[in-house]
Structures are given as C-alpha cells and as structure tokens.
>>> print(open('target.json').read())   # JSON, C-alpha atoms
[["chain", "number", "residue", "atom", "x", "y", "z"],
["A", 1, "MET", "CA", 3.74, -15.02, 53.23],
["A", 2, "ILE", "CA", 1.74, -17.99, 51.98],
["A", 3, "ILE", "CA", -1.44, -15.90, 51.99],
["A", 4, "GLU", "CA", 0.31, -13.12, 50.02],
["A", 5, "ARG", "CA", 1.49, -15.61, 47.41],
["A", 6, "LEU", "CA", -1.98, -17.05, 47.12],
["A", 7, "LEU", "CA", -3.42, -13.57, 46.62],
["A", 8, "VAL", "CA", -0.87, -12.76, 43.91],
["A", 9, "ALA", "CA", -1.56, -16.06, 42.15],
["A", 10, "ALA", "CA", -5.29, -15.46, 42.35],
["A", 11, "GLY", "CA", -4.84, -11.98, 40.91],
["A", 12, "CYS", "CA", -2.79, -13.30, 38.00],
["A", 13, "LEU", "CA", -5.37, -16.01, 37.34],
["A", 14, "LEU", "CA", -8.17, -13.44, 37.39],
["A", 15, "ALA", "CA", -6.29, -11.16, 34.99],
["A", 16, "ALA", "CA", -5.61, -14.06, 32.63],
["A", 17, "THR", "CA", -9.26, -15.15, 32.81],
["A", 18, "VAL", "CA", -10.51, -11.63, 32.08],
["A", 19, "GLY", "CA", -8.01, -11.25, 29.24],
["A", 20, "HIS", "CA", -9.09, -14.57, 27.74],
["A", 21, "ALA", "CA", -12.75, -13.63, 28.05],
["A", 22, "GLN", "CA", -12.13, -10.29, 26.34],
["A", 23, "THR", "CA", -10.25, -11.98, 23.51],
["A", 24, "ALA", "CA", -12.85, -14.73, 23.20],
["A", 25, "THR", "CA", -15.57, -12.15, 22.66],
["A", 26, "TYR", "CA", -13.46, -10.00, 20.34],
["A", 27, "PRO", "CA", -14.63, -7.80, 18.83],
["A", 28, "ASN", "CA", -17.31, -6.47, 21.16],
["A", 29, "LYS", "CA", -17.14, -2.82, 20.13],
["A", 30, "PRO", "CA", -16.40, -0.80, 16.95],
["A", 31, "ILE", "CA", -12.94, -0.99, 15.40],
["A", 32, "ARG", "CA", -11.09, 2.06, 14.10],
["A", 33, "LEU", "CA", -9.23, 1.64, 10.80],
["A", 34, "VAL", "CA", -6.79, 4.52, 10.40],
["A", 35, "ASN", "CA", -6.19, 5.65, 6.83],
["A", 36, "PRO", "CA", -2.94, 7.69, 6.73],
["A", 37, "TYR", "CA", -3.80, 9.08, 3.29],
["A", 38, "GLY", "CA", -6.28, 11.78, 2.30],
["A", 39, "ALA", "CA", -10.05, 11.42, 2.21],
["A", 40, "GLY", "CA", -11.61, 10.61, -1.14],
["A", 41, "GLY", "CA", -8.46, 9.23, -2.78],
["A", 42, "PRO", "CA", -7.86, 5.72, -4.15],
["A", 43, "VAL", "CA", -6.63, 4.37, -0.79],
["A", 44, "ASP", "CA", -9.68, 5.79, 0.99],
["A", 45, "THR", "CA", -12.03, 4.24, -1.56],
["A", 46, "ILE", "CA", -10.50, 0.81, -1.06],
["A", 47, "ALA", "CA", -10.46, 1.25, 2.72],
["A", 48, "ARG", "CA", -14.18, 2.00, 2.79],
["A", 49, "GLU", "CA", -15.12, -0.93, 0.54],
["A", 50, "VAL", "CA", -13.11, -3.34, 2.68],
["A", 51, "SER", "CA", -14.26, -1.89, 6.01],
["A", 52, "ALA", "CA", -17.92, -2.27, 5.02],
["A", 53, "ALA", "CA", -17.45, -5.96, 4.20],
["A", 54, "LEU", "CA", -15.33, -6.51, 7.31],
["A", 55, "SER", "CA", -17.99, -4.89, 9.50],
["A", 56, "THR", "CA", -20.53, -7.44, 8.34],
["A", 57, "GLU", "CA", -18.17, -10.36, 8.84],
["A", 58, "LEU", "CA", -17.07, -9.29, 12.34],
["A", 59, "GLY", "CA", -20.49, -8.15, 13.53],
["A", 60, "GLN", "CA", -19.03, -4.83, 14.63],
["A", 61, "GLN", "CA", -18.64, -1.60, 12.73],
["A", 62, "VAL", "CA", -15.20, -0.94, 11.26],
["A", 63, "ILE", "CA", -14.90, 2.83, 11.01],
["A", 64, "VAL", "CA", -12.43, 4.44, 8.61],
["A", 65, "ASP", "CA", -10.65, 7.30, 10.36],
["A", 66, "VAL", "CA", -8.62, 9.55, 8.03],
["A", 67, "LYS", "CA", -5.43, 10.79, 9.71],
["A", 68, "SER", "CA", -3.42, 12.14, 6.80],
["A", 69, "GLY", "CA", -0.30, 14.26, 6.80],
["A", 70, "GLY", "CA", 3.43, 13.97, 7.20],
["A", 71, "GLY", "CA", 3.78, 11.60, 4.29],
["A", 72, "THR", "CA", 1.60, 9.00, 6.14],
["A", 73, "VAL", "CA", 3.60, 9.45, 9.37],
["A", 74, "ILE", "CA", 0.76, 11.06, 11.35],
["A", 75, "GLY", "CA", -1.69, 8.22, 10.82],
["A", 76, "ALA", "CA", 0.89, 5.51, 11.42],
["A", 77, "ASN", "CA", 1.97, 7.14, 14.67],
["A", 78, "VAL", "CA", -1.64, 7.26, 15.90],
["A", 79, "VAL", "CA", -1.82, 3.49, 15.60],
["A", 80, "ALA", "CA", 1.66, 2.89, 17.02],
["A", 81, "LYS", "CA", 0.68, 4.80, 20.16],
["A", 82, "SER", "CA", -2.77, 3.20, 20.52],
["A", 83, "PRO", "CA", -3.65, 0.40, 22.98],
["A", 84, "ALA", "CA", -2.70, -3.04, 21.68],
["A", 85, "ASP", "CA", -6.21, -4.42, 21.99],
["A", 86, "GLY", "CA", -7.21, -4.96, 18.37],
["A", 87, "TYR", "CA", -9.53, -1.97, 18.22],
["A", 88, "THR", "CA", -7.22, 0.41, 16.36],
["A", 89, "LEU", "CA", -5.73, -0.76, 13.08],
["A", 90, "LEU", "CA", -3.60, 0.82, 10.38],
["A", 91, "LEU", "CA", -4.25, 0.57, 6.68],
["A", 92, "GLY", "CA", -0.56, 0.16, 5.92],
["A", 93, "THR", "CA", 1.43, 0.52, 2.71],
["A", 94, "GLN", "CA", 5.09, 0.80, 1.78],
["A", 95, "ALA", "CA", 5.11, 4.53, 2.58],
["A", 96, "PRO", "CA", 4.83, 4.48, 6.40],
["A", 97, "LEU", "CA", 6.45, 1.09, 6.90],
["A", 98, "ILE", "CA", 9.38, 1.01, 4.45],
["A", 99, "VAL", "CA", 9.98, 4.37, 2.77],
["A", 100, "GLN", "CA", 9.56, 6.72, 5.74],
["A", 101, "PRO", "CA", 11.83, 4.69, 8.05],
["A", 102, "ALA", "CA", 14.52, 4.84, 5.35],
["A", 103, "ILE", "CA", 14.43, 8.60, 4.85],
["A", 104, "ASN", "CA", 13.21, 10.08, 8.14],
["A", 105, "SER", "CA", 15.64, 9.90, 11.05],
["A", 106, "GLN", "CA", 13.12, 11.64, 13.34],
["A", 107, "LEU", "CA", 10.30, 9.13, 12.83],
["A", 108, "PRO", "CA", 8.17, 8.99, 16.00],
["A", 109, "TYR", "CA", 7.61, 5.24, 15.72],
["A", 110, "ASP", "CA", 9.64, 2.12, 14.96],
["A", 111, "ALA", "CA", 8.18, 0.53, 11.84],
["A", 112, "VAL", "CA", 9.44, -2.93, 12.79],
["A", 113, "LYS", "CA", 8.94, -2.99, 16.57],
["A", 114, "ASP", "CA", 5.72, -0.97, 16.94],
["A", 115, "PHE", "CA", 3.49, -2.86, 14.49],
["A", 116, "VAL", "CA", 2.47, -6.42, 13.77],
["A", 117, "PRO", "CA", 1.21, -7.35, 10.27],
["A", 118, "VAL", "CA", -2.31, -8.78, 10.35],
["A", 119, "ALA", "CA", -3.04, -9.50, 6.69],
["A", 120, "MET", "CA", -2.29, -8.21, 3.23],
["A", 121, "PHE", "CA", -5.42, -7.99, 1.15],
["A", 122, "VAL", "CA", -4.79, -6.29, -2.20],
["A", 123, "THR", "CA", -2.09, -5.08, -4.53],
["A", 124, "VAL", "CA", -2.52, -2.28, -7.05],
["A", 125, "PRO", "CA", -0.15, -2.36, -10.02],
["A", 126, "GLY", "CA", 1.45, 0.72, -11.42],
["A", 127, "ILE", "CA", 1.01, 1.56, -15.06],
["A", 128, "ILE", "CA", 3.27, 3.29, -17.53],
["A", 129, "SER", "CA", 1.07, 5.43, -19.72],
["A", 130, "VAL", "CA", 1.21, 8.27, -22.20],
["A", 131, "PRO", "CA", -1.33, 10.65, -23.76],
["A", 132, "ALA", "CA", -3.21, 9.13, -26.67],
["A", 133, "ASP", "CA", -1.43, 11.39, -29.17],
["A", 134, "SER", "CA", 2.07, 10.58, -27.88],
["A", 135, "PRO", "CA", 4.62, 9.40, -30.44],
["A", 136, "LEU", "CA", 5.70, 6.77, -27.90],
["A", 137, "LYS", "CA", 3.91, 3.62, -28.96],
["A", 138, "SER", "CA", 5.66, 1.01, -26.85],
["A", 139, "LEU", "CA", 7.86, 0.57, -23.82],
["A", 140, "LYS", "CA", 10.80, 0.05, -26.18],
["A", 141, "ASP", "CA", 10.12, 3.49, -27.66],
["A", 142, "LEU", "CA", 10.26, 4.97, -24.17],
["A", 143, "VAL", "CA", 13.52, 3.21, -23.38],
["A", 144, "ASP", "CA", 15.08, 4.33, -26.67],
["A", 145, "GLU", "CA", 14.00, 7.96, -26.27],
["A", 146, "GLY", "CA", 15.01, 8.00, -22.63],
["A", 147, "LYS", "CA", 18.52, 6.99, -23.67],
["A", 148, "ARG", "CA", 18.69, 9.25, -26.71],
["A", 149, "GLN", "CA", 17.52, 12.36, -24.82],
["A", 150, "PRO", "CA", 18.60, 12.01, -21.19],
["A", 151, "GLY", "CA", 16.44, 14.16, -18.93],
["A", 152, "ALA", "CA", 14.22, 15.41, -21.74],
["A", 153, "ILE", "CA", 11.26, 13.15, -20.94],
["A", 154, "ASN", "CA", 9.41, 13.93, -17.72],
["A", 155, "TYR", "CA", 7.42, 11.36, -15.81],
["A", 156, "ALA", "CA", 4.69, 12.00, -13.26],
["A", 157, "SER", "CA", 4.57, 10.13, -9.99],
["A", 158, "ALA", "CA", 2.13, 10.22, -7.07],
["A", 159, "GLY", "CA", 4.76, 11.93, -4.95],
["A", 160, "ASN", "CA", 8.32, 11.80, -3.75],
["A", 161, "GLY", "CA", 9.10, 8.41, -2.27],
["A", 162, "THR", "CA", 5.86, 6.76, -3.41],
["A", 163, "GLY", "CA", 5.78, 3.40, -5.12],
["A", 164, "SER", "CA", 5.26, 5.10, -8.48],
["A", 165, "HIS", "CA", 8.34, 7.28, -7.96],
["A", 166, "LEU", "CA", 10.41, 4.24, -7.05],
["A", 167, "GLY", "CA", 8.99, 2.43, -10.07],
["A", 168, "GLY", "CA", 10.16, 5.22, -12.35],
["A", 169, "GLU", "CA", 13.63, 5.19, -10.83],
["A", 170, "LEU", "CA", 13.80, 1.41, -11.08],
["A", 171, "PHE", "CA", 12.92, 1.79, -14.78],
["A", 172, "ASN", "CA", 15.87, 4.18, -15.17],
["A", 173, "GLN", "CA", 18.20, 1.78, -13.37],
["A", 174, "LEU", "CA", 17.17, -1.29, -15.32],
["A", 175, "THR", "CA", 17.14, 0.29, -18.78],
["A", 176, "GLY", "CA", 19.82, 2.98, -18.67],
["A", 177, "ALA", "CA", 17.22, 5.54, -19.70],
["A", 178, "LYS", "CA", 17.18, 8.91, -17.95],
["A", 179, "LEU", "CA", 13.62, 10.06, -17.37],
["A", 180, "ALA", "CA", 13.16, 13.14, -15.18],
["A", 181, "HIS", "CA", 10.93, 12.80, -12.12],
["A", 182, "VAL", "CA", 8.05, 15.24, -11.51],
["A", 183, "PRO", "CA", 6.24, 14.48, -8.24],
["A", 184, "TYR", "CA", 2.56, 15.30, -7.75],
["A", 185, "ARG", "CA", 0.37, 15.17, -4.67],
["A", 186, "GLY", "CA", -1.22, 11.83, -5.45],
["A", 187, "ALA", "CA", -2.03, 9.61, -8.40],
["A", 188, "ALA", "CA", -5.07, 11.64, -9.47],
["A", 189, "PRO", "CA", -3.14, 14.95, -9.87],
["A", 190, "GLY", "CA", -0.40, 13.05, -11.68],
["A", 191, "THR", "CA", -2.98, 11.66, -14.08],
["A", 192, "ILE", "CA", -4.43, 15.13, -14.69],
["A", 193, "ALA", "CA", -0.94, 16.43, -15.45],
["A", 194, "LEU", "CA", -0.45, 13.65, -17.97],
["A", 195, "LEU", "CA", -3.78, 14.41, -19.64],
["A", 196, "GLY", "CA", -2.76, 18.07, -19.83],
["A", 197, "HIS", "CA", 0.62, 17.23, -21.39],
["A", 198, "GLU", "CA", 2.50, 18.76, -18.45],
["A", 199, "VAL", "CA", 4.54, 15.56, -18.52],
["A", 200, "GLN", "CA", 5.13, 13.04, -21.27],
["A", 201, "VAL", "CA", 4.79, 9.83, -19.24],
["A", 202, "GLY", "CA", 2.89, 8.67, -16.17],
["A", 203, "PHE", "CA", 4.19, 6.24, -13.58],
["A", 204, "VAL", "CA", 1.16, 6.23, -11.29],
["A", 205, "ASN", "CA", -1.12, 3.48, -10.09],
["A", 206, "ILE", "CA", -3.87, 2.18, -12.25],
["A", 207, "THR", "CA", -6.91, 3.38, -10.28],
["A", 208, "PRO", "CA", -7.34, 6.99, -11.47],
["A", 209, "GLN", "CA", -6.34, 6.13, -15.02],
["A", 210, "LEU", "CA", -8.85, 3.41, -15.85],
["A", 211, "ALA", "CA", -11.62, 5.67, -17.12],
["A", 212, "HIS", "CA", -9.19, 7.66, -19.27],
["A", 213, "LEU", "CA", -7.63, 4.51, -20.72],
["A", 214, "GLU", "CA", -11.04, 3.10, -21.55],
["A", 215, "ALA", "CA", -12.09, 6.40, -23.16],
["A", 216, "GLY", "CA", -8.95, 6.49, -25.29],
["A", 217, "ARG", "CA", -7.51, 9.65, -23.75],
["A", 218, "LEU", "CA", -4.49, 7.75, -22.45],
["A", 219, "ARG", "CA", -2.57, 4.79, -23.82],
["A", 220, "ALA", "CA", -0.97, 2.14, -21.63],
["A", 221, "LEU", "CA", 2.53, 0.97, -22.52],
["A", 222, "ALA", "CA", 2.80, -1.61, -19.74],
["A", 223, "VAL", "CA", 1.67, -2.46, -16.23],
["A", 224, "THR", "CA", 4.31, -2.82, -13.54],
["A", 225, "GLY", "CA", 2.65, -5.63, -11.64],
["A", 226, "SER", "CA", 4.02, -9.12, -11.33],
["A", 227, "ALA", "CA", 1.18, -10.28, -13.60],
["A", 228, "ARG", "CA", -1.22, -8.67, -16.04],
["A", 229, "SER", "CA", -4.00, -6.58, -14.55],
["A", 230, "THR", "CA", -7.44, -8.15, -14.59],
["A", 231, "ALA", "CA", -8.79, -4.66, -15.33],
["A", 232, "LEU", "CA", -6.52, -4.31, -18.39],
["A", 233, "PRO", "CA", -5.85, -7.87, -19.57],
["A", 234, "ASN", "CA", -4.57, -6.78, -22.98],
["A", 235, "VAL", "CA", -1.81, -4.59, -21.57],
["A", 236, "PRO", "CA", 1.52, -6.43, -21.18],
["A", 237, "THR", "CA", 3.57, -6.45, -18.03],
["A", 238, "ALA", "CA", 6.83, -4.52, -18.15],
["A", 239, "ALA", "CA", 8.66, -7.84, -18.30],
["A", 240, "GLU", "CA", 6.61, -8.92, -21.30],
["A", 241, "ALA", "CA", 7.25, -5.53, -22.91],
["A", 242, "GLY", "CA", 11.01, -5.95, -22.63],
["A", 243, "VAL", "CA", 12.03, -4.73, -19.16],
["A", 244, "PRO", "CA", 12.36, -7.80, -16.92],
["A", 245, "GLY", "CA", 12.61, -7.05, -13.23],
["A", 246, "LEU", "CA", 10.44, -3.93, -13.39],
["A", 247, "VAL", "CA", 7.84, -4.76, -10.76],
["A", 248, "ALA", "CA", 6.34, -1.83, -8.89],
["A", 249, "GLU", "CA", 2.99, -2.43, -7.27],
["A", 250, "SER", "CA", 1.40, -0.98, -4.18],
["A", 251, "TRP", "CA", 0.27, -3.38, -1.47],
["A", 252, "TYR", "CA", -2.35, -2.65, 1.16],
["A", 253, "GLY", "CA", -2.50, -4.47, 4.47],
["A", 254, "LEU", "CA", -3.87, -4.32, 7.98],
["A", 255, "PHE", "CA", -1.47, -3.67, 10.87],
["A", 256, "ALA", "CA", -2.08, -3.64, 14.59],
["A", 257, "PRO", "CA", 0.00, -2.21, 17.44],
["A", 258, "ALA", "CA", 2.69, -4.61, 18.63],
["A", 259, "GLY", "CA", 1.48, -6.69, 21.57],
["A", 260, "THR", "CA", -2.03, -7.17, 20.23],
["A", 261, "PRO", "CA", -3.31, -10.56, 21.48],
["A", 262, "PRO", "CA", -2.65, -13.38, 18.98],
["A", 263, "ALA", "CA", -6.29, -14.50, 19.18],
["A", 264, "ALA", "CA", -7.45, -11.06, 18.05],
["A", 265, "LEU", "CA", -4.93, -11.07, 15.20],
["A", 266, "ALA", "CA", -6.15, -14.52, 14.14],
["A", 267, "ARG", "CA", -9.78, -13.37, 14.26],
["A", 268, "LEU", "CA", -8.99, -10.36, 12.09],
["A", 269, "ALA", "CA", -6.88, -12.32, 9.60],
["A", 270, "GLY", "CA", -9.53, -15.01, 9.30],
["A", 271, "ALA", "CA", -12.26, -12.43, 8.75],
["A", 272, "MET", "CA", -10.15, -10.70, 6.09],
["A", 273, "GLU", "CA", -9.60, -14.01, 4.29],
["A", 274, "LYS", "CA", -13.35, -14.56, 4.16],
["A", 275, "VAL", "CA", -14.28, -11.09, 2.94],
["A", 276, "MET", "CA", -11.57, -11.06, 0.29],
["A", 277, "ALA", "CA", -13.09, -14.23, -1.16],
["A", 278, "GLN", "CA", -16.44, -12.51, -1.70],
["A", 279, "PRO", "CA", -17.18, -12.08, -5.43],
["A", 280, "ALA", "CA", -19.03, -8.80, -4.87],
["A", 281, "LEU", "CA", -16.10, -7.21, -3.05],
["A", 282, "LYS", "CA", -13.64, -8.58, -5.58],
["A", 283, "ALA", "CA", -15.69, -6.95, -8.35],
["A", 284, "LYS", "CA", -15.83, -3.59, -6.53],
["A", 285, "LEU", "CA", -12.11, -3.58, -5.89],
["A", 286, "GLY", "CA", -11.47, -4.67, -9.46],
["A", 287, "GLU", "CA", -13.19, -1.48, -10.59],
["A", 288, "GLN", "CA", -10.42, 0.37, -8.74],
["A", 289, "GLY", "CA", -7.73, -1.68, -10.48],
["A", 290, "ALA", "CA", -6.96, -3.62, -7.29],
["A", 291, "GLU", "CA", -5.96, -7.28, -7.36],
["A", 292, "ILE", "CA", -6.94, -9.58, -4.49],
["A", 293, "THR", "CA", -3.68, -10.73, -2.91],
["A", 294, "TYR", "CA", -4.56, -12.14, 0.48],
["A", 295, "MET", "CA", -1.80, -13.17, 2.89],
["A", 296, "GLY", "CA", -2.26, -14.13, 6.53],
["A", 297, "THR", "CA", -0.11, -12.90, 9.39],
["A", 298, "ASP", "CA", 2.87, -15.24, 8.94],
["A", 299, "ALA", "CA", 3.06, -14.98, 5.15],
["A", 300, "PHE", "CA", 2.60, -11.21, 5.25],
["A", 301, "THR", "CA", 5.33, -10.84, 7.87],
["A", 302, "THR", "CA", 7.75, -12.72, 5.60],
["A", 303, "TYR", "CA", 6.68, -10.72, 2.55],
["A", 304, "LEU", "CA", 7.15, -7.43, 4.39],
["A", 305, "SER", "CA", 10.68, -8.39, 5.42],
["A", 306, "GLU", "CA", 11.57, -9.36, 1.85],
["A", 307, "ASP", "CA", 10.05, -6.16, 0.45],
["A", 308, "ARG", "CA", 12.17, -4.08, 2.82],
["A", 309, "LYS", "CA", 15.30, -5.85, 1.60],
["A", 310, "ARG", "CA", 14.26, -5.22, -2.01],
["A", 311, "MET", "CA", 13.30, -1.58, -1.63],
["A", 312, "LEU", "CA", 16.01, -0.20, 0.68],
["A", 313, "PRO", "CA", 18.90, -0.50, -1.81],
["A", 314, "LEU", "CA", 16.86, 1.38, -4.43],
["A", 315, "ILE", "CA", 15.95, 4.13, -1.95],
["A", 316, "LYS", "CA", 19.63, 4.48, -1.04],
["A", 317, "ALA", "CA", 20.80, 4.37, -4.66],
["A", 318, "ILE", "CA", 18.60, 7.26, -5.76],
["A", 319, "GLY", "CA", 19.46, 9.32, -2.69],
["A", 320, "LEU", "CA", 15.83, 9.73, -1.67],
["A", 321, "LYS", "CA", 15.43, 12.44, 0.96],
["A", 322, "GLN", "CA", 12.60, 13.46, 3.23],
["A", 323, "GLY", "CA", 10.23, 16.09, 1.85]]
>>> encode(input="target.json", output="structure tokens")
Amino acid sequence: MIIERLLVAAGCLLAATVGHAQTATYPNKPIRLVNPYGAGGPVDTIAREVSAALSTELGQQVIVDVKSGGGTVIGANVVAKSPADGYTLLLGTQAPLIVQPAINSQLPYDAVKDFVPVAMFVTVPGIISVPADSPLKSLKDLVDEGKRQPGAINYASAGNGTGSHLGGELFNQLTGAKLAHVPYRGAAPGTIALLGHEVQVGFVNITPQLAHLEAGRLRALAVTGSARSTALPNVPTAAEAGVPGLVAESWYGLFAPAGTPPAALARLAGAMEKVMAQPALKAKLGEQGAEITYMGTDAFTTYLSEDRKRMLPLIKAIGLKQG
C-alpha cells in the first residue's frame, strides 16, 4: 500500500513537473488564431496585422485560420472544442460571445463557461453616414426626419445582430425616431449600398468607409464610439451631436479555451500589451479606423460581463431572432 501511494505521488509530481516545463517554455510551436469571419474583410485585416506583430514578440508563428459561417458560431465552436493548451485562440467579438448566445438556443458551446478572455486589443467605432448629396446635414436632421416619417428612412447595417444593427436600434430607442433596418452581409456591402443610394443612412463600422469619406463621396454625421475617432478627429461623437448614450463600437479580443494554464494566458496577455504599444502597429490599425484599447485578462473579463448586461436588454427589446 505504501509503495502504491509513493508511485501515485511520484506520478503526480512528474505530471506537474512536465506541465510546468511545458508552460515555462510556452510557446514552443505555432499558435492558431481562429477568425470566425470571412477572409479579406475588416476583421481579417486586423487579425493579420496583429498576428504578424504577435509572432515576432512570441518567437513563434501565429497563423490566422479563417473558420467563417453560422454567424461566427463555426469558428467559435472550433476553439471551444480545442485543447486548452494555449495553441488555439479565438479572435472574439460581441457576435459569438454575446449576441449568438442570446438568440441561438442550439448553440454548440457555452459562451461563458467554454472560453477565458485573454486580452482586448482594439475597438472600432461605428459611424453614422450619408451620401454626400443627402439633404441630411446633421444627426439632428436624421432624428427629426426619422420622427416625421417613421419607417421611411432605411439604414444599412453589417448584418442582423451585428454591432451596427444594434447601434441603429439603440438610436431608434434613444431618439424616438423610426429608421428601418436593412441588413447586409458585412460592412463593405453595406457601404456599397449606401454609395449606390439603396439606403439613405449607414450604421456600419468605420473601416470600409474611410476612403469614401476622405474622397467626399460620403458624409459623416457622427461616430458612435465613446470618444472621437483618431482617424476622423473632426467628426463629433453621437453624444456631442445630441444623442447621449449612443455608444456602439466593436471590440476585438483574444480568447482561449477554458482551462488554459494561467501562465500561458499571462504570457499571451503580456505579449499583446507589448505589441499594442508599438507605434508601427498602432499606425497600421489606425488606417483601418481601429483604436488601441488594450485590457488584460482581469479587466477584459470584467468588461465582457458588463457589456453582456448592457447588450442583452437591447437584444430582447428589439426581438432579435436567429437568422
């Protein structure tokens, strides 16, 4: 009996030693960063810029793996079901971690129990914009017309249940205006629809609109970030333009499967903090309209919980459904 106990203890000690050694040398092989959105879009562009800088900092290649489909569910589920060893990460946003759990009763993962936040790294503000020849010159004009002609003004979003859709519905709630929602398959198609006058207003993120705003083809009424965009410093926030409380910005963060060793999480979060402080990366992301908003594991976990509490009542109020 004593010998058996000694053997068990020795086995546990060996396992702990091996585990510690593996964590101490983490990472010692390439890391997969799963992008649950489509290739070539704004999220993919940001993912590839960040992964390149992170690869250099970690000394191991961080490979972006596009697993799109199912409204981000497919990619998120890949990570949820992966080994909790720090070598498979999710580029997470509100869609797979807040919106989908609220509208999809058949979700194959638990957004709270199956993931651990590693670090938030950027936010991308939404922007309320109109074609350059629009008679709407200000956010007040949009509010007034949205009240005067309920349902007559259409707004483009990046899709049903996206941050831009929720931003448009929050605008309706806060102002009493009644804009009609027209979902598109991403921010870029929504921007094209706005340029083609298929819709009168755009509620999509800033990234695909920057070139058109700079060229004068579109006009910005307000940004929906918590502060002015560094890419468009002369455009007021929605609060400054007369709609306080209208904050709708997309956040991007790294998530790992639940159970990932704390030392690996700390290594990843520390590396992210360093790369997000790099001026060159900040400039590249700024070209995409992204704002550096780094949060470590603890702060990001708190933020995520608060964002769920903020978003869920809105999702329920508008009766958002899957599809």
>>> residues_around(input="target.json", residues="Asp133 in chain A", least_positions_apart="4", cutoff="9 Å", atoms="only C-alpha atoms", output="VMD selection string")
chain A and resid 217 to 219
>>> atom_distance(input="target.json", atom1="CA of Gly270 in chain A", atom2="CA of Gly59 in chain A")
13.6 Å
>>> closest_residue(input="target.json", among="A:Val124, A:Ala317, A:Leu89, A:Ile98", to="Asn172 in chain A", atoms="all atoms listed in the file")
A:Ala317
>>> atom_distance(input="target.json", atom1="CA of Asp85 in chain A", atom2="CA of Ser105 in chain A")
28.3 Å
>>> residues_around(input="target.json", residues="Ser157 in chain A", least_positions_apart="4", cutoff="8 Å", atoms="all atoms listed in the file", output="list in words")
Thr162, Ser164, His165, Gly168, His181, Val182, Pro183, Tyr184, Gly186, Ala187, Gly190, Gly202, Phe203 and Val204 of chain A
>>> closest_residue(input="target.json", among="A:Val201, A:Ala271, A:Gln94, A:Val223", to="Trp251 in chain A", atoms="only C-alpha atoms")
A:Gln94
>>> residues_near_point(input="target.json", point="(-3.5, 9.5, 13.9)", cutoff="8 Å", atoms="only C-alpha atoms", output="list in words")
Val34, Pro36, Val66, Lys67, Ser68, Ile74, Gly75, Ala76, Asn77, Val78 and Val79 of chain A
>>> residues_around(input="target.json", residues="range 150-153 of chain A", least_positions_apart="6", cutoff="6 Å", atoms="only C-alpha atoms", output="MDAnalysis selection string")
chainID A and resid 178:180
>>> residues_around(input="target.json", residues="Ala222 in chain A", least_positions_apart="4", cutoff="8 Å", atoms="all atoms listed in the file", output="ChimeraX atom specification")
/A:127-129,139,235-238,241
>>> write_last_selection(input="target.json", atoms="C-alpha atoms", output="JSON list (two decimals), keeping the file's coordinate frame")
[["chain", "number", "residue", "atom", "x", "y", "z"],
["A", 127, "ILE", "CA", 1.01, 1.56, -15.06],
["A", 128, "ILE", "CA", 3.27, 3.29, -17.53],
["A", 129, "SER", "CA", 1.07, 5.43, -19.72],
["A", 139, "LEU", "CA", 7.86, 0.57, -23.82],
["A", 235, "VAL", "CA", -1.81, -4.59, -21.57],
["A", 236, "PRO", "CA", 1.52, -6.43, -21.18],
["A", 237, "THR", "CA", 3.57, -6.45, -18.03],
["A", 238, "ALA", "CA", 6.83, -4.52, -18.15],
["A", 241, "ALA", "CA", 7.25, -5.53, -22.91]]
>>> closest_residue(input="target.json", among="A:Glu214, A:Glu198, A:Asp144, A:Glu49", to="Ala290 in chain A", atoms="all atoms listed in the file")
A:Glu49
>>> atom_distance(input="target.json", atom1="CA of His212 in chain A", atom2="CA of Ile46 in chain A")
19.5 Å
>>> residues_around(input="target.json", residues="Gly41 in chain A", least_positions_apart="2", cutoff="10 Å", atoms="only C-alpha atoms", output="PyMOL selection string")
chain A and resi 37-39+43-47+186-188+207-208
>>> residues_near_point(input="target.json", point="(-7.0, -9.1, 17.7)", cutoff="12 Å", atoms="all atoms listed in the file", output="ChimeraX atom specification")
/A:19-20,22-28,31,58,83-89,116-119,254-271,297
>>> closest_residue(input="target.json", among="A:Ala132, A:Ala239, A:Glu145, A:Tyr155", to="Ala193 in chain A", atoms="all atoms listed in the file")
A:Tyr155
